[in-house]
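This report refers to the structure that appears directly beneath it.
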Amino acid sequence: MAEAAGGWAKWRIWLIAAGAGLISLLLFDAFRVLLAEVHFSKVMQQMEAEPLPDLLLALLATAVSYLVLTGYDLSAMKYAEVKIRRSTVLLTSFIAYALGNTVGLGVLTGGAVRMRLYTAAGVDANKVAQVIAFNASAFMFGTAAFGAAGLLWGADGVAHLAHMPAWLLRVIAVALLFTVLGFVALAARRREVMIAWRWKVRLPPAKLAVQQLVISALDLIASAATLWFLLPPGAVEPGEFMAWYSIALVLGILSHLPGGLGVFEAVILLACGDRAPVEQIVSALVLYRVIYYLLPLVLAAVLLAAYEVRSGIAAPIGRAAVRLSPMLLATMTFIAGGWLLVSGVTPASAQAVDMLALRVPLTLVEASHFLGSVTGFAMIVIARGLLHRLDAAWWSAFLLALAAAVLAMPKGFALVQAAYLVVLAILLYLSRAQFDRRSALFSNPLRGVWLISVVWMVGATVFLLFFAYRRVDYTNELWWQFEFNANAPRSLRAMMGVMVAGLGIALWQLLRPSPGAPALPSSEELDRASNIVRTQPSAEANLALMGDKRLLFSTQGNAFIMYGRQGRSWISLFDPVGKPSEWPELIWRFIELATDHGGRAAFYQVRGDMLPLYLDAGLRAYKLGEYAYVQLQEFTTKGSKRSHLRQAINRGERDGLEFALASPAEVPALLPQLRHVSDAWLEGQEAREKGFSLGSFEPSYLSRQSFAIVRQQGQIVAFANLLSTETKSEASVDLMRQLPLAPPGTMDFLFTKLMLYFQGEGFQRFGLGMAPMSGMASHELAPRWHRFGRMLFDHGETFYNFRGLRGFKDKFDPVWEPRYLVAGGGLTPLLTLADVATLIGGGLRGIIAK
């Protein structure tokens, strides 16, 4: 399975690129036909002549649509049975839809925003996943109902363009409506359904389903009205327009292009192009993009900047919201770059040319036009660095935005463009603290979706260049024409500058040295890690000293990640170790390092309070089980509740057991005796040494730690190596081994004595380790991942002692803390767990042979 998934991952990017290229070619060909008689200058004139009342009505419809969109989240909260402040829902919904509508892939981008903000507000990650799934399903059913109603109303108009009989379209519409009504009826009768006889899905109450359909209808009517008010009067009948709007919306989503750009416009042009001047339709579509997509995005960024400048943000939701700034600003920067490219290949208005001829030297006009386009291309490339919170990307974007704003004036008095760039620079300045990663701007090459996006934007700009100047005779002399009204030569030179810049980046990516495979740590690196481990609270961090895991240190050197590699999986064990302020940079670097080597990054056994750091990086959380620890300040062997522990000590002392501690200096002399106990235990368990998240009997590792030893008549019968740090926050054990003939209850004796010892030393808690797959939700409507984990816990004894391990730890009445696997979606968590098992077992043989 892993090999098949790796092969698919290897070819997936090429398949996506081929699909995007094919869609782009079809779109460009469609626009070539649809815009055959359109003049670019007339489109610009129509935009300038758009009546002010129509613009105000479009703005009002947009505001209503985004307000209604919050109903999706409110309904989803009811479905997931979550109570949360309405202000949190309003903030989350607005940011999620402002970003999701513009970027596209709303379930992923909007879902990431929801996961980040709702978990910060205290909502369980699995509940947030239910909210995201409900939103996607509600939108699908709402769009189906809305489109069916429009199709039923305007079937005659759609039939003419779709080349289908009107009666057949009405039949399809009625079938869709009955499907939606059938779903509502089903929700009224049943609480859950089985899909493909395998997956159980909980249905919303009928009242909530009807409420959501009303919300969807109001949202789609308001968003459609935004475009309707901008279209010329009588361009299309209302019912027919609703049908075409729904079709355009769905096809735009299915195309996976940002905001459905191009696909949506092509459908609307096809529907309205022969009923009104095409220039007016194109003008309405451009204004619609600005009003419904760009303005909310800018407002969301302004809102987050306002949070940023407020002094002393203490609320978790406020801090989480501010951490979304890089995502929004990266999107705004990408849009700014695209805008600069477009303005670089389109002619300035006649009025602007006349003003330039009177007041600006020709050399300055030519230079600003050329540099503005190259700056736009640079901003598109830099946007990725902003998303990754790079300090260098912030400086580059901030300076380029200011430079482009200045260049916009001699280029053609582009006041609106200059204003947008100034706003972007201000927002970048206010959000400076969020870009704290000290990393080279081009430390990682452009890959995947980013590379496709850059290529698509450049390709669209080339198409626009030839559309704007299709009546120009292209000759060699054209390159050398320098005049105020020579728009075509100027645009060609600007595009050539962009191509040269793109070629330079492509050559750099091809010729850059391939990163070597990270090696296991040297003794100096282990000593360096040991110094960090001693001064931080996590006892588990001592596993870094095993030497079987690679180490990635932070730039400042005060934190590190320990990780293993298996197949394509790069798996970090636990959260980063060391100074918490350096963790975000480390997490990003680790993900980039894995990606740069063609791998997939994952984080194994991370704590719940650290999840926002991983969600910021676009990963998802999956519960692994629970970690047990005993609060040592409250620990006692007195009372009936802990009588079994008191009895373990008394029985051990009657059996002649003696508890002792051995310092690291004493361990080398004891290793032969300890080895005897270890080998006997492994033989009795029919097990072999483990690794990765478990220690093994490795002398160089064990000699760094203290040991708890149990002797009987002077012979060592049991031992455990101790994990602790100088902070005295936490203590734990790693290897726990005893002779097969040791008295019953020897380990209970050892653990109880250890807890009393660490209690006396002033430690805060004692870690008992993980109980995998325990603590999963047992409700029949629990998420699939929890049901899978529960099944393993209940029936997986053949492979692992799930219940026995949980039962042993429960003896000490511990506190249980959830632990998570953080990874990508799809099959990634299952493949990662398989690779983790391989790392722990030391290979496939280790899994089979315990």
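We name chains A, B, ... following the order of the structure tokens; residues begin at 1 in each chain, and ligands are numbered from 1 as shown.
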Alpha helix (DSSP H) residues, from DSSP on the backbone, in region 107-335 of chain A, as a ChimeraX atom specification: /A:107-120,125-153,155-162,166-189,206-230,238-255,263-272,278-288,295-309,316-322,325-335
Determine which residues of region 467-562 of chain A DSSP labels as strand (DSSP E or B) from the backbone of this structure, then write them out as an mmCIF file with C-alpha atoms, in the first residue's frame.
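Below is the file out-v7.cif, written as the result:
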data_model
loop_
_atom_site.group_PDB
_atom_site.id
_atom_site.type_symbol
_atom_site.label_atom_id
_atom_site.label_comp_id
_atom_site.auth_asym_id
_atom_site.auth_seq_id
_atom_site.Cartn_x
_atom_site.Cartn_y
_atom_site.Cartn_z
ATOM 1 C CA ARG A 550 17.833 12.522 13.272
ATOM 2 C CA LEU A 551 17.923 15.966 14.844
ATOM 3 C CA LEU A 552 16.885 19.287 13.335
ATOM 4 C CA PHE A 553 18.004 22.279 15.391
ATOM 5 C CA ALA A 559 15.341 23.944 20.308
ATOM 6 C CA PHE A 560 15.289 20.851 18.119
ATOM 7 C CA ILE A 561 13.038 18.264 16.531
ATOM 8 C CA MET A 562 13.860 14.558 16.712
#
Spatial neighbours of Trp479 (chain A), max dist 10 Å, only C-alpha atoms, sep filter under 4 positions, as a list in words: Tyr474, Thr475, Ala488, Pro489, Arg490, Ser491, Leu492 and Arg493 of chain A
For the selection you just gave me, I'd like the residues written to a file as a PDB file, in the first residue's frame, keeping all heavy atoms.
ATOM      1  N   TYR A 474       2.591  42.608 -35.547  1.00  0.00           N
ATOM      2  CA  TYR A 474       3.796  42.315 -34.762  1.00  0.00           C
ATOM      3  C   TYR A 474       4.993  42.163 -35.705  1.00  0.00           C
ATOM      4  O   TYR A 474       5.087  41.210 -36.474  1.00  0.00           O
ATOM      5  CB  TYR A 474       3.588  41.040 -33.933  1.00  0.00           C
ATOM      6  CG  TYR A 474       2.553  41.218 -32.850  1.00  0.00           C
ATOM      7  CD1 TYR A 474       1.229  40.837 -33.045  1.00  0.00           C
ATOM      8  CD2 TYR A 474       2.897  41.801 -31.630  1.00  0.00           C
ATOM      9  CE1 TYR A 474       0.276  41.010 -32.054  1.00  0.00           C
ATOM     10  CE2 TYR A 474       1.962  41.996 -30.635  1.00  0.00           C
ATOM     11  CZ  TYR A 474       0.651  41.588 -30.855  1.00  0.00           C
ATOM     12  OH  TYR A 474      -0.283  41.769 -29.868  1.00  0.00           O
ATOM     13  N   THR A 475       5.905  43.130 -35.621  1.00  0.00           N
ATOM     14  CA  THR A 475       7.120  43.137 -36.430  1.00  0.00           C
ATOM     15  C   THR A 475       8.320  43.357 -35.523  1.00  0.00           C
ATOM     16  O   THR A 475       8.183  43.729 -34.348  1.00  0.00           O
ATOM     17  CB  THR A 475       7.067  44.262 -37.485  1.00  0.00           C
ATOM     18  OG1 THR A 475       6.995  45.529 -36.808  1.00  0.00           O
ATOM     19  CG2 THR A 475       5.855  44.092 -38.402  1.00  0.00           C
ATOM     20  N   ALA A 488       1.503  48.988 -27.161  1.00  0.00           N
ATOM     21  CA  ALA A 488       1.830  47.593 -27.488  1.00  0.00           C
ATOM     22  C   ALA A 488       3.321  47.305 -27.330  1.00  0.00           C
ATOM     23  O   ALA A 488       3.698  46.303 -26.677  1.00  0.00           O
ATOM     24  CB  ALA A 488       1.356  47.261 -28.899  1.00  0.00           C
ATOM     25  N   PRO A 489       4.222  48.103 -27.881  1.00  0.00           N
ATOM     26  CA  PRO A 489       5.655  47.836 -27.667  1.00  0.00           C
ATOM     27  C   PRO A 489       6.043  47.856 -26.198  1.00  0.00           C
ATOM     28  O   PRO A 489       6.841  47.019 -25.738  1.00  0.00           O
ATOM     29  CB  PRO A 489       6.341  48.967 -28.444  1.00  0.00           C
ATOM     30  CG  PRO A 489       5.339  49.372 -29.470  1.00  0.00           C
ATOM     31  CD  PRO A 489       4.016  49.230 -28.826  1.00  0.00           C
ATOM     32  N   ARG A 490       5.457  48.795 -25.472  1.00  0.00           N
ATOM     33  CA  ARG A 490       5.777  48.905 -24.043  1.00  0.00           C
ATOM     34  C   ARG A 490       5.326  47.635 -23.295  1.00  0.00           C
ATOM     35  O   ARG A 490       6.038  47.119 -22.440  1.00  0.00           O
ATOM     36  CB  ARG A 490       5.091  50.139 -23.473  1.00  0.00           C
ATOM     37  CG  ARG A 490       5.555  50.528 -22.074  1.00  0.00           C
ATOM     38  CD  ARG A 490       4.920  51.841 -21.634  1.00  0.00           C
ATOM     39  NE  ARG A 490       5.276  52.909 -22.553  1.00  0.00           N
ATOM     40  CZ  ARG A 490       4.418  53.704 -23.175  1.00  0.00           C
ATOM     41  NH1 ARG A 490       3.116  53.544 -22.990  1.00  0.00           N
ATOM     42  NH2 ARG A 490       4.835  54.668 -23.972  1.00  0.00           N
ATOM     43  N   SER A 491       4.147  47.149 -23.630  1.00  0.00           N
ATOM     44  CA  SER A 491       3.635  45.939 -22.981  1.00  0.00           C
ATOM     45  C   SER A 491       4.454  44.715 -23.361  1.00  0.00           C
ATOM     46  O   SER A 491       4.701  43.831 -22.526  1.00  0.00           O
ATOM     47  CB  SER A 491       2.171  45.723 -23.360  1.00  0.00           C
ATOM     48  OG  SER A 491       1.368  46.791 -22.893  1.00  0.00           O
ATOM     49  N   LEU A 492       4.887  44.641 -24.614  1.00  0.00           N
ATOM     50  CA  LEU A 492       5.717  43.519 -25.042  1.00  0.00           C
ATOM     51  C   LEU A 492       7.035  43.494 -24.273  1.00  0.00           C
ATOM     52  O   LEU A 492       7.500  42.432 -23.837  1.00  0.00           O
ATOM     53  CB  LEU A 492       5.990  43.611 -26.542  1.00  0.00           C
ATOM     54  CG  LEU A 492       4.863  43.148 -27.474  1.00  0.00           C
ATOM     55  CD1 LEU A 492       5.213  43.492 -28.914  1.00  0.00           C
ATOM     56  CD2 LEU A 492       4.644  41.642 -27.329  1.00  0.00           C
ATOM     57  N   ARG A 493       7.636  44.659 -24.107  1.00  0.00           N
ATOM     58  CA  ARG A 493       8.909  44.716 -23.380  1.00  0.00           C
ATOM     59  C   ARG A 493       8.708  44.338 -21.910  1.00  0.00           C
ATOM     60  O   ARG A 493       9.545  43.651 -21.310  1.00  0.00           O
ATOM     61  CB  ARG A 493       9.523  46.109 -23.507  1.00  0.00           C
ATOM     62  CG  ARG A 493      10.072  46.411 -24.897  1.00  0.00           C
ATOM     63  CD  ARG A 493      10.852  47.710 -24.913  1.00  0.00           C
ATOM     64  NE  ARG A 493       9.987  48.877 -24.737  1.00  0.00           N
ATOM     65  CZ  ARG A 493       9.417  49.566 -25.714  1.00  0.00           C
ATOM     66  NH1 ARG A 493       9.617  49.188 -26.975  1.00  0.00           N
ATOM     67  NH2 ARG A 493       8.665  50.611 -25.466  1.00  0.00           N
TER      68      ARG A 493
END
Between CA of Asn101 (chain A) and CA of Ala393 (chain A) - distance in Å to one decimal: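 Taking CA of Ala393 (chain A) as the start and CA of Asn101 (chain A) as the end point, the length is 24.5 Å.
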Residue nearest Tyr429 (chain A) - candidates A:Ser325, A:Ser283, A:Ser349, A:Gln130, atoms counted: only C-alpha atoms: A:Ser325
For Glu683 (chain A): contacts at 12 Å, only C-alpha atoms, fewer than 6 positions along chain excluded, given as a PyMOL selection string: chain A and resi 676-677+689+737-740+850
Please write the residues from the selection above to a file, keeping C-alpha atoms, as a PDB file, in the first residue's frame.
ATOM      1  CA  HIS A 676      21.114 -10.299  31.934  1.00  0.00           C
ATOM      2  CA  VAL A 677      17.751  -9.035  33.210  1.00  0.00           C
ATOM      3  CA  GLU A 689      14.319  -4.567  21.004  1.00  0.00           C
ATOM      4  CA  ARG A 737      12.324  -5.014  32.639  1.00  0.00           C
ATOM      5  CA  GLN A 738      12.367  -7.825  35.197  1.00  0.00           C
ATOM      6  CA  LEU A 739      13.459 -11.424  35.508  1.00  0.00           C
ATOM      7  CA  PRO A 740      10.712 -13.953  34.723  1.00  0.00           C
ATOM      8  CA  LYS A 850       6.397  -8.146  18.264  1.00  0.00           C
TER       9      LYS A 850
END
Å distance separating CA of Arg114 (chain A) from CA of Ala136 (chain A), one decimal place: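 Separation between CA of Arg114 (chain A) and CA of Ala136 (chain A): 12.6 Å.
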Exercise: region 694-706 of chain A partners within 9 Å, only C-alpha atoms, chain neighbours under 3 positions left out, as a list in words: Asn542, Leu543, Leu545, Met546, Gly547, Leu661, Ala662, Ser663, Pro664, Ala665, Glu666, Val667, Pro668, Leu671, Arg675, Ser678, Glu689, Lys690, Gly691, Ala720, Asn721, Leu722, Leu723, Ser724, Asp734, Leu735 and Ile840 of chain A
Counting only C-alpha atoms, the residue of A:Ala80, A:Ala648, A:Met164, A:Met332 that sits nearest Phe134 (chain A):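 Of A:Ala80, A:Ala648, A:Met164, A:Met332, the one nearest Phe134 (chain A) is A:Ala80, counting only C-alpha atoms.
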For Ser216 (chain A), the nearest of the candidates A:Trp153, A:Trp228, A:Phe139, A:Phe484, counting only C-alpha atoms: A:Phe139
